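**Student:** This is the content of structure-v1.pdb (PDB, C-alpha atoms):
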```
ATOM      1  CA  MET L 171     163.003  95.160  79.188
ATOM      2  CA  LEU L 172     163.698  91.741  80.662
ATOM      3  CA  SER L 173     162.241  90.795  83.981
ATOM      4  CA  LYS L 174     164.576  89.766  86.785
ATOM      5  CA  PHE L 175     163.205  86.246  86.977
ATOM      6  CA  PHE L 176     160.865  84.164  84.889
ATOM      7  CA  SER L 177     160.042  80.509  84.900
ATOM      8  CA  ARG L 178     158.527  77.673  82.957
ATOM      9  CA  THR L 179     157.742  74.443  84.674
ATOM     10  CA  SER L 180     160.868  72.762  83.295
ATOM     11  CA  ARG L 181     163.380  75.655  83.438
ATOM     12  CA  ARG L 182     164.055  78.669  85.596
ATOM     13  CA  PHE L 183     165.807  81.778  84.261
ATOM     14  CA  SER L 184     167.274  84.733  86.073
ATOM     15  CA  VAL L 185     168.571  87.902  84.446
ATOM     16  CA  LYS L 186     169.623  91.342  85.596
ATOM     17  CA  PRO L 187     167.377  94.247  84.586
ATOM     18  CA  VAL L 188     168.482  96.425  81.679
ATOM     19  CA  ASP L 189     168.398 100.236  81.807
ATOM     20  CA  PRO L 190     165.188 101.520  80.232
ATOM     21  CA  LEU L 191     167.122 103.722  77.751
ATOM     22  CA  ILE L 192     169.910 102.445  75.515
ATOM     23  CA  GLU L 193     171.704 104.914  73.246
ATOM     24  CA  ALA L 194     171.756 104.342  69.485
ATOM     25  CA  GLY L 195     174.622 102.066  68.466
ATOM     26  CA  ALA L 196     175.256 100.945  72.036
ATOM     27  CA  GLN L 197     175.451  97.308  73.028
ATOM     28  CA  VAL L 198     174.189  95.676  76.190
ATOM     29  CA  GLN L 199     175.544  92.393  77.466
ATOM     30  CA  GLN L 200     173.024  90.230  79.257
ATOM     31  CA  ILE L 201     173.970  87.104  81.196
ATOM     32  CA  LEU L 202     171.288  84.467  81.612
ATOM     33  CA  ASN L 203     171.374  81.888  84.382
ATOM     34  CA  ILE L 204     169.290  78.867  83.459
ATOM     35  CA  GLU L 205     168.381  76.137  85.924
ATOM     36  CA  CYS L 206     166.905  72.843  84.748
ATOM     37  CA  VAL L 207     163.925  72.092  86.996
ATOM     38  CA  SER L 208     162.808  68.970  85.104
ATOM     39  CA  ASP L 209     163.449  67.410  81.701
ATOM     40  CA  PHE L 210     162.197  69.343  78.658
ATOM     41  CA  SER L 211     162.051  68.913  74.909
ATOM     42  CA  ASP L 212     161.683  72.409  73.472
ATOM     43  CA  ALA L 213     164.390  75.075  73.304
ATOM     44  CA  PRO L 214     163.660  78.046  75.569
ATOM     45  CA  VAL L 215     162.600  81.260  73.866
ATOM     46  CA  LEU L 216     163.812  84.648  75.069
ATOM     47  CA  ASN L 217     161.303  87.402  74.312
ATOM     48  CA  ILE L 218     162.860  90.853  74.020
ATOM     49  CA  GLN L 219     160.529  93.851  74.082
ATOM     50  CA  PHE L 220     161.548  97.441  73.415
ATOM     51  CA  ARG L 221     160.286 100.688  71.923
ATOM     52  CA  TYR L 222     161.795 102.059  68.752
ATOM     53  CA  GLY L 223     160.423 105.268  67.293
ATOM     54  CA  GLY L 224     157.503 105.057  69.713
ATOM     55  CA  THR L 225     156.470 101.612  68.443
ATOM     56  CA  LEU L 226     156.644  98.535  70.638
ATOM     57  CA  GLN L 227     158.928  95.879  69.131
ATOM     58  CA  ASN L 228     159.048  92.234  70.139
ATOM     59  CA  ILE L 229     161.805  89.818  69.135
ATOM     60  CA  ALA L 230     161.673  86.127  70.037
ATOM     61  CA  VAL L 231     165.067  84.404  70.127
ATOM     62  CA  LYS L 232     165.406  80.631  70.531
ATOM     63  CA  LEU L 233     168.228  79.930  72.946
ATOM     64  CA  PRO L 234     170.679  77.103  72.165
ATOM     65  CA  VAL L 235     169.962  75.342  75.446
ATOM     66  CA  MET L 236     168.933  71.727  75.139
ATOM     67  CA  LEU L 237     168.536  68.986  77.723
ATOM     68  CA  ASN L 238     172.053  67.654  77.136
ATOM     69  CA  LYS L 239     173.500  70.953  78.437
ATOM     70  CA  PHE L 240     172.692  69.629  81.911
ATOM     71  CA  PHE L 241     174.746  66.430  81.486
ATOM     72  CA  GLN L 242     177.455  65.422  83.912
ATOM     73  CA  PRO L 243     179.800  62.853  82.328
ATOM     74  CA  THR L 244     180.035  59.671  84.392
ATOM     75  CA  GLU L 245     182.921  57.222  84.332
ATOM     76  CA  MET L 246     182.180  53.557  85.030
ATOM     77  CA  THR L 247     183.761  50.169  84.560
ATOM     78  CA  SER L 248     182.596  47.695  81.955
ATOM     79  CA  GLN L 249     180.994  45.578  84.666
ATOM     80  CA  ASP L 250     179.107  48.551  86.149
ATOM     81  CA  PHE L 251     177.989  49.690  82.705
ATOM     82  CA  PHE L 252     176.493  46.333  81.707
ATOM     83  CA  GLN L 253     174.909  45.823  85.122
ATOM     84  CA  ARG L 254     173.190  49.209  84.809
ATOM     85  CA  TRP L 255     172.359  48.514  81.118
ATOM     86  CA  LYS L 256     170.468  45.369  82.155
ATOM     87  CA  GLN L 257     168.646  47.262  84.941
ATOM     88  CA  LEU L 258     167.386  49.753  82.359
ATOM     89  CA  GLY L 259     165.977  47.000  80.144
ATOM     90  CA  ALA L 260     162.263  47.887  80.272
ATOM     91  CA  PRO L 261     160.828  48.825  76.839
ATOM     92  CA  GLN L 262     159.899  52.371  77.936
ATOM     93  CA  GLN L 263     163.489  53.009  79.104
ATOM     94  CA  GLU L 264     165.139  52.293  75.751
ATOM     95  CA  VAL L 265     164.999  54.234  72.516
ATOM     96  CA  GLN L 266     166.820  53.035  69.433
ATOM     97  CA  LYS L 267     167.237  54.729  66.088
ATOM     98  CA  ILE L 268     168.928  53.535  62.903
ATOM     99  CA  PHE L 269     169.846  56.317  60.501
ATOM    100  CA  LYS L 270     172.019  57.180  57.517
ATOM    101  CA  ALA L 271     175.204  59.155  58.146
ATOM    102  CA  LYS L 272     174.870  62.792  57.067
ATOM    103  CA  ASN L 273     178.638  63.295  56.794
ATOM    104  CA  GLN L 274     181.798  61.264  56.337
ATOM    105  CA  MET L 275     182.126  58.751  59.184
ATOM    106  CA  ASP L 276     185.266  59.707  61.118
ATOM    107  CA  ILE L 277     186.260  58.219  64.499
ATOM    108  CA  ASP L 278     187.802  61.439  65.863
ATOM    109  CA  VAL L 279     184.832  63.567  64.785
ATOM    110  CA  THR L 280     182.416  61.055  66.314
ATOM    111  CA  LYS L 281     184.336  61.096  69.620
ATOM    112  CA  ALA L 282     184.357  64.895  69.662
ATOM    113  CA  LYS L 283     180.606  65.059  69.021
ATOM    114  CA  LEU L 284     179.823  62.576  71.785
ATOM    115  CA  LEU L 285     182.082  64.377  74.262
ATOM    116  CA  GLY L 286     180.562  67.712  73.233
ATOM    117  CA  PHE L 287     177.131  66.243  73.831
ATOM    118  CA  GLY L 288     178.123  65.782  77.462
ATOM    119  CA  VAL L 289     178.655  62.064  78.049
ATOM    120  CA  ALA L 290     181.805  60.327  79.228
ATOM    121  CA  LEU L 291     183.150  57.956  76.578
ATOM    122  CA  LEU L 292     183.906  54.588  78.103
ATOM    123  CA  ASP L 293     186.835  52.826  76.454
ATOM    124  CA  SER L 294     187.080  49.051  76.181
ATOM    125  CA  VAL L 295     183.491  48.498  77.368
ATOM    126  CA  ASP L 296     181.865  47.247  74.174
ATOM    127  CA  PRO L 297     183.118  43.921  72.776
ATOM    128  CA  ASN L 298     183.224  45.585  69.333
ATOM    129  CA  PRO L 299     186.005  48.227  69.437
ATOM    130  CA  ALA L 300     184.351  50.186  66.598
ATOM    131  CA  ASN L 301     181.321  50.963  68.801
ATOM    132  CA  PHE L 302     181.079  53.953  71.122
ATOM    133  CA  VAL L 303     179.726  53.612  74.645
ATOM    134  CA  GLY L 304     178.947  56.543  76.932
ATOM    135  CA  ALA L 305     177.425  57.425  80.277
ATOM    136  CA  GLY L 306     176.208  60.541  82.017
ATOM    137  CA  ILE L 307     173.667  61.958  84.429
ATOM    138  CA  ILE L 308     171.141  64.652  83.570
ATOM    139  CA  HIS L 309     170.902  66.873  86.639
ATOM    140  CA  THR L 310     167.643  68.692  87.286
ATOM    141  CA  LYS L 311     166.372  70.382  90.409
ATOM    142  CA  THR L 312     163.785  67.641  90.951
ATOM    143  CA  THR L 313     165.724  64.507  89.948
ATOM    144  CA  GLN L 314     168.822  62.957  88.431
ATOM    145  CA  VAL L 315     168.436  60.760  85.370
ATOM    146  CA  GLY L 316     171.185  58.269  84.586
ATOM    147  CA  CYS L 317     171.837  57.887  80.859
ATOM    148  CA  LEU L 318     173.673  55.156  78.975
ATOM    149  CA  LEU L 319     174.292  55.158  75.241
ATOM    150  CA  ARG L 320     175.716  52.947  72.571
ATOM    151  CA  LEU L 321     176.518  54.182  69.072
ATOM    152  CA  GLU L 322     177.260  51.506  66.476
ATOM    153  CA  PRO L 323     178.707  52.799  63.201
ATOM    154  CA  ASN L 324     178.483  50.688  60.059
ATOM    155  CA  ALA L 325     181.025  52.289  57.724
ATOM    156  CA  GLN L 326     180.239  49.942  54.831
ATOM    157  CA  ALA L 327     176.535  50.876  54.837
ATOM    158  CA  GLN L 328     177.185  54.484  55.980
ATOM    159  CA  MET L 329     174.630  53.955  58.771
ATOM    160  CA  TYR L 330     174.482  54.297  62.544
ATOM    161  CA  ARG L 331     172.466  52.522  65.200
ATOM    162  CA  LEU L 332     172.016  54.628  68.331
ATOM    163  CA  THR L 333     170.624  53.102  71.514
ATOM    164  CA  LEU L 334     169.861  55.151  74.619
ATOM    165  CA  ARG L 335     168.700  53.819  77.953
ATOM    166  CA  THR L 336     167.607  56.045  80.810
ATOM    167  CA  SER L 337     165.301  55.731  83.783
ATOM    168  CA  LYS L 338     162.848  58.181  82.184
ATOM    169  CA  GLU L 339     161.187  57.560  78.819
ATOM    170  CA  SER L 340     160.939  61.232  77.816
ATOM    171  CA  VAL L 341     164.665  61.709  78.448
ATOM    172  CA  SER L 342     165.601  58.657  76.349
ATOM    173  CA  GLN L 343     163.436  59.944  73.492
ATOM    174  CA  ARG L 344     164.735  63.527  73.563
ATOM    175  CA  LEU L 345     168.406  62.607  73.877
ATOM    176  CA  CYS L 346     168.079  60.164  70.977
ATOM    177  CA  GLU L 347     166.502  62.881  68.811
ATOM    178  CA  LEU L 348     169.189  65.415  69.689
ATOM    179  CA  LEU L 349     172.135  63.080  69.284
ATOM    180  CA  SER L 350     171.011  61.450  66.034
ATOM    181  CA  GLU L 351     170.857  64.935  64.445
ATOM    182  CA  GLN L 352     174.638  65.244  65.002
ATOM    183  CA  PHE L 353     175.626  62.390  62.731
TER     184      PHE L 353
END
```
As a first step, turn the structure in this file into C-alpha coordinates.
**Tutor:**
Amino acid sequence: MLSKFFSRTSRRFSVKPVDPLIEAGAQVQQILNIECVSDFSDAPVLNIQFRYGGTLQNIAVKLPVMLNKFFQPTEMTSQDFFQRWKQLGAPQQEVQKIFKAKNQMDIDVTKAKLLGFGVALLDSVDPNPANFVGAGIIHTKTTQVGCLLRLEPNAQAQMYRLTLRTSKESVSQRLCELLSEQF
(Lines of atoms letter the chains of each structure in order from A and count residues from 1; the text may use other names and numbers.)
(Lines give C-alpha, C1' and ligand atoms only; values in the text may rest on other atoms or scores of the structure.)
Protein backbone atom coordinates (compact mmCIF):
# COMPACT_ATOMS: atom_id res chain seq x y z
CA MET A 1 0.00 0.00 0.00
CA LEU A 2 1.32 3.43 -0.91
CA SER A 3 1.43 6.14 1.67
CA LYS A 4 -0.42 9.39 1.01
CA PHE A 5 2.73 11.48 0.98
CA PHE A 6 6.43 10.76 0.98
CA SER A 7 9.43 12.92 0.39
CA ARG A 8 13.09 12.98 -0.43
CA THR A 9 15.06 16.13 0.00
CA SER A 10 14.95 16.90 -3.73
CA ARG A 11 11.42 15.71 -4.62
CA ARG A 12 8.03 15.52 -2.97
CA PHE A 13 5.42 12.94 -3.99
CA SER A 14 1.76 12.70 -3.17
CA VAL A 15 -0.50 9.76 -3.97
CA LYS A 16 -3.98 8.64 -3.01
CA PRO A 17 -4.23 5.53 -0.82
CA VAL A 18 -5.15 2.24 -2.50
CA ASP A 19 -7.78 -0.12 -1.07
CA PRO A 20 -6.11 -2.82 1.01
CA LEU A 21 -7.72 -5.62 -1.07
CA ILE A 22 -7.54 -5.82 -4.85
CA GLU A 23 -9.34 -8.66 -6.62
CA ALA A 24 -7.39 -11.04 -8.86
CA GLY A 25 -7.09 -9.69 -12.39
CA ALA A 26 -8.19 -6.21 -11.36
CA GLN A 27 -6.22 -3.10 -12.21
CA VAL A 28 -5.69 -0.02 -10.10
CA GLN A 29 -4.77 3.33 -11.58
CA GLN A 30 -2.55 5.46 -9.40
CA ILE A 31 -1.77 9.10 -10.16
CA LEU A 32 1.45 10.50 -8.75
CA ASN A 33 2.01 14.20 -8.21
CA ILE A 34 5.71 15.00 -8.11
CA GLU A 35 7.09 18.35 -7.01
CA CYS A 36 10.72 19.27 -7.61
CA VAL A 37 12.05 20.73 -4.35
CA SER A 38 15.66 21.10 -5.55
CA ASP A 39 17.79 19.75 -8.39
CA PHE A 40 18.48 15.99 -8.38
CA SER A 41 20.44 13.49 -10.41
CA ASP A 42 18.86 10.11 -9.71
CA ALA A 43 15.49 8.88 -11.00
CA PRO A 44 12.92 8.47 -8.22
CA VAL A 45 12.05 4.92 -7.22
CA LEU A 46 8.50 3.90 -6.38
CA ASN A 47 8.40 1.02 -3.90
CA ILE A 48 5.23 -1.06 -4.10
CA GLN A 49 4.51 -3.46 -1.24
CA PHE A 50 1.72 -6.02 -1.18
CA ARG A 51 0.86 -9.49 0.10
CA TYR A 52 0.36 -12.35 -2.29
CA GLY A 53 -0.42 -15.79 -0.92
CA GLY A 54 0.43 -14.53 2.56
CA THR A 55 3.94 -13.49 1.52
CA LEU A 56 5.03 -9.86 1.52
CA GLN A 57 6.15 -8.75 -1.96
CA ASN A 58 8.16 -5.65 -2.74
CA ILE A 59 8.63 -4.22 -6.23
CA ALA A 60 10.86 -1.22 -6.90
CA VAL A 61 10.01 0.72 -10.07
CA LYS A 62 12.24 3.51 -11.39
CA LEU A 63 10.04 6.36 -12.53
CA PRO A 64 10.87 8.15 -15.80
CA VAL A 65 11.12 11.53 -14.09
CA MET A 66 14.35 13.39 -14.68
CA LEU A 67 15.38 16.96 -13.92
CA ASN A 68 14.47 18.17 -17.41
CA LYS A 69 10.79 17.33 -16.72
CA PHE A 70 10.72 20.55 -14.69
CA PHE A 71 11.89 22.75 -17.59
CA GLN A 72 9.96 25.79 -18.74
CA PRO A 73 11.02 26.80 -22.28
CA THR A 74 12.20 30.41 -22.43
CA GLU A 75 12.21 32.58 -25.53
CA MET A 76 14.87 35.28 -25.82
CA THR A 77 16.47 37.46 -28.45
CA SER A 78 19.96 36.88 -29.77
CA GLN A 79 21.22 39.86 -27.79
CA ASP A 80 19.66 38.62 -24.54
CA PHE A 81 20.99 35.11 -25.12
CA PHE A 82 24.60 36.20 -25.62
CA GLN A 83 24.45 38.68 -22.75
CA ARG A 84 23.26 35.89 -20.44
CA TRP A 85 25.79 33.44 -22.00
CA LYS A 86 28.63 35.79 -21.04
CA GLN A 87 27.23 36.21 -17.50
CA LEU A 88 27.35 32.44 -17.06
CA GLY A 89 31.01 32.26 -18.07
CA ALA A 90 32.53 30.96 -14.83
CA PRO A 91 34.18 27.51 -15.23
CA GLN A 92 31.82 25.83 -12.72
CA GLN A 93 28.77 27.09 -14.67
CA GLU A 94 29.71 25.46 -17.98
CA VAL A 95 29.82 21.81 -18.94
CA GLN A 96 30.87 20.73 -22.40
CA LYS A 97 30.87 17.28 -23.93
CA ILE A 98 32.04 16.09 -27.34
CA PHE A 99 30.59 12.75 -28.40
CA LYS A 100 29.98 10.49 -31.38
CA ALA A 101 26.47 10.40 -32.85
CA LYS A 102 24.62 7.20 -31.94
CA ASN A 103 22.17 7.52 -34.83
CA GLN A 104 21.89 9.20 -38.21
CA MET A 105 22.23 12.98 -37.80
CA ASP A 106 18.90 14.49 -38.88
CA ILE A 107 17.92 18.14 -38.36
CA ASP A 108 14.21 17.42 -37.74
CA VAL A 109 14.95 14.60 -35.29
CA THR A 110 17.46 16.79 -33.45
CA LYS A 111 14.91 19.62 -33.16
CA ALA A 112 12.26 17.22 -31.87
CA LYS A 113 14.63 15.80 -29.25
CA LEU A 114 15.64 19.25 -28.01
CA LEU A 115 12.02 20.42 -27.83
CA GLY A 116 11.06 17.18 -26.07
CA PHE A 117 13.84 17.79 -23.59
CA GLY A 118 12.04 20.97 -22.58
CA VAL A 119 14.04 23.91 -23.93
CA ALA A 120 12.88 26.60 -26.34
CA LEU A 121 14.84 26.47 -29.59
CA LEU A 122 16.07 29.92 -30.51
CA ASP A 123 16.25 30.50 -34.25
CA SER A 124 18.82 32.78 -35.86
CA VAL A 125 20.82 33.20 -32.63
CA ASP A 126 23.98 31.29 -33.50
CA PRO A 127 26.12 32.68 -36.34
CA ASN A 128 26.37 29.11 -37.69
CA PRO A 129 22.86 28.12 -38.90
CA ALA A 130 23.69 24.41 -38.47
CA ASN A 131 24.01 24.85 -34.68
CA PHE A 132 21.12 24.58 -32.25
CA VAL A 133 20.66 27.08 -29.44
CA GLY A 134 18.14 26.70 -26.62
CA ALA A 135 17.02 28.24 -23.36
CA GLY A 136 14.86 27.25 -20.44
CA ILE A 137 14.36 27.54 -16.70
CA ILE A 138 14.36 24.61 -14.29
CA HIS A 139 11.68 25.39 -11.72
CA THR A 140 12.07 23.96 -8.23
CA LYS A 141 10.34 24.88 -5.01
CA THR A 142 13.53 26.46 -3.64
CA THR A 143 14.96 28.17 -6.74
CA GLN A 144 14.85 28.74 -10.47
CA VAL A 145 17.88 27.82 -12.55
CA GLY A 146 18.30 29.46 -15.94
CA CYS A 147 19.75 27.12 -18.56
CA LEU A 148 21.34 27.90 -21.91
CA LEU A 149 22.55 25.30 -24.38
CA ARG A 150 24.36 25.08 -27.66
CA LEU A 151 24.51 21.90 -29.73
CA GLU A 152 27.01 21.88 -32.59
CA PRO A 153 26.65 18.97 -35.02
CA ASN A 154 29.56 17.97 -37.23
CA ALA A 155 27.94 15.80 -39.91
CA GLN A 156 31.24 15.01 -41.63
CA ALA A 157 32.78 13.58 -38.44
CA GLN A 158 29.43 12.25 -37.12
CA MET A 159 30.13 14.07 -33.83
CA TYR A 160 28.39 16.58 -31.59
CA ARG A 161 29.68 19.22 -29.21
CA LEU A 162 27.17 20.06 -26.48
CA THR A 163 27.70 23.06 -24.22
CA LEU A 164 25.43 23.85 -21.28
CA ARG A 165 25.63 26.89 -19.05
CA THR A 166 23.54 27.32 -15.93
CA SER A 167 23.86 29.18 -12.66
CA LYS A 168 24.29 25.89 -10.78
CA GLU A 169 27.12 23.44 -11.50
CA SER A 170 25.16 20.30 -10.60
CA VAL A 171 22.37 21.29 -12.99
CA SER A 172 24.80 21.92 -15.87
CA GLN A 173 26.40 18.51 -15.27
CA ARG A 174 23.13 16.56 -15.03
CA LEU A 175 21.47 18.20 -18.02
CA CYS A 176 24.57 17.57 -20.14
CA GLU A 177 24.54 13.88 -19.15
CA LEU A 178 20.84 13.50 -19.91
CA LEU A 179 20.88 15.36 -23.20
CA SER A 180 24.04 13.77 -24.62
CA GLU A 181 22.40 10.34 -24.17
CA GLN A 182 19.72 11.40 -26.70
CA PHE A 183 22.06 11.78 -29.64
**Student:** Need the axis-aligned box for stretch 286-298 of chain L with 3 Å each side, so what are the centre and edges in Å to one decimal, as lines of an AutoDock Vina configuration file?
**Tutor:**
```
center_x = 182.1
center_y = 55.8
center_z = 74.3
size_x = 15.9
size_y = 29.8
size_z = 15.9
```
**Student:** Could you write out as a PyMOL selection string the residues that the PyMOL selection byres ((chain L and resi 288) around 12) matches in the shown file?
**Tutor:** chain L and resi 236-245+281-287+289-291+304-309+317-319+345+348-349
**Student:** Exactly which residues make up the result of the PyMOL selection byres ((chain L and resi 254-265) around 12) on this file, given as a ChimeraX atom specification?
**Tutor:** /L:246-253,266-268,295-296,303-305,315-320,331-347,349-350
**Student:** What does the structure give for the distance between atom CA of L:Asp189 and atom CA of L:Arg221, in Å to one decimal?
**Tutor:**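 Distance between the two atoms: 12.8 Å.
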**Student:** Ranking L:Val215, L:Gln199, L:Leu191, L:Ala325 by minimum distance to L:Asn273 and counting only C-alpha atoms, which one comes first?
**Tutor:** L:Ala325
**Student:** So the first atom is atom CA of L:Gln200 and the second is atom CA of L:Phe220; what is the distance between them in Å, to one decimal place?
**Tutor:**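 Separating atom CA of L:Gln200 from atom CA of L:Phe220 is a distance of 14.8 Å.
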**Student:** So which residues touch L:Thr280 within 9 Å, counting only C-alpha atoms, skipping near sequence neighbours fewer than 5 positions away, as a ChimeraX atom specification?
**Tutor:** /L:275,285,302,352-353
**Student:** Any idea what the distance is between atom CA of L:Gln219 and atom CA of L:Leu202?
**Tutor:**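 Answer for the atom CA of L:Gln219 to atom CA of L:Leu202 separation: 16.1 Å.
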**Student:** Pull out every residue that the PyMOL selection byres ((chain L and resi 326) around 12) matches in the shown coordinates and put them as a ChimeraX atom specification.
**Tutor:** /L:270-271,274-275,323-325,327-330
**Student:** Give me the residues near L:Ala230 as number ranges by chain, where near means some atom within 8 Å (using all atoms listed in the file) and where sequence neighbours in that chain fewer than 6 positions away do not count.
**Tutor:** L: 215-218
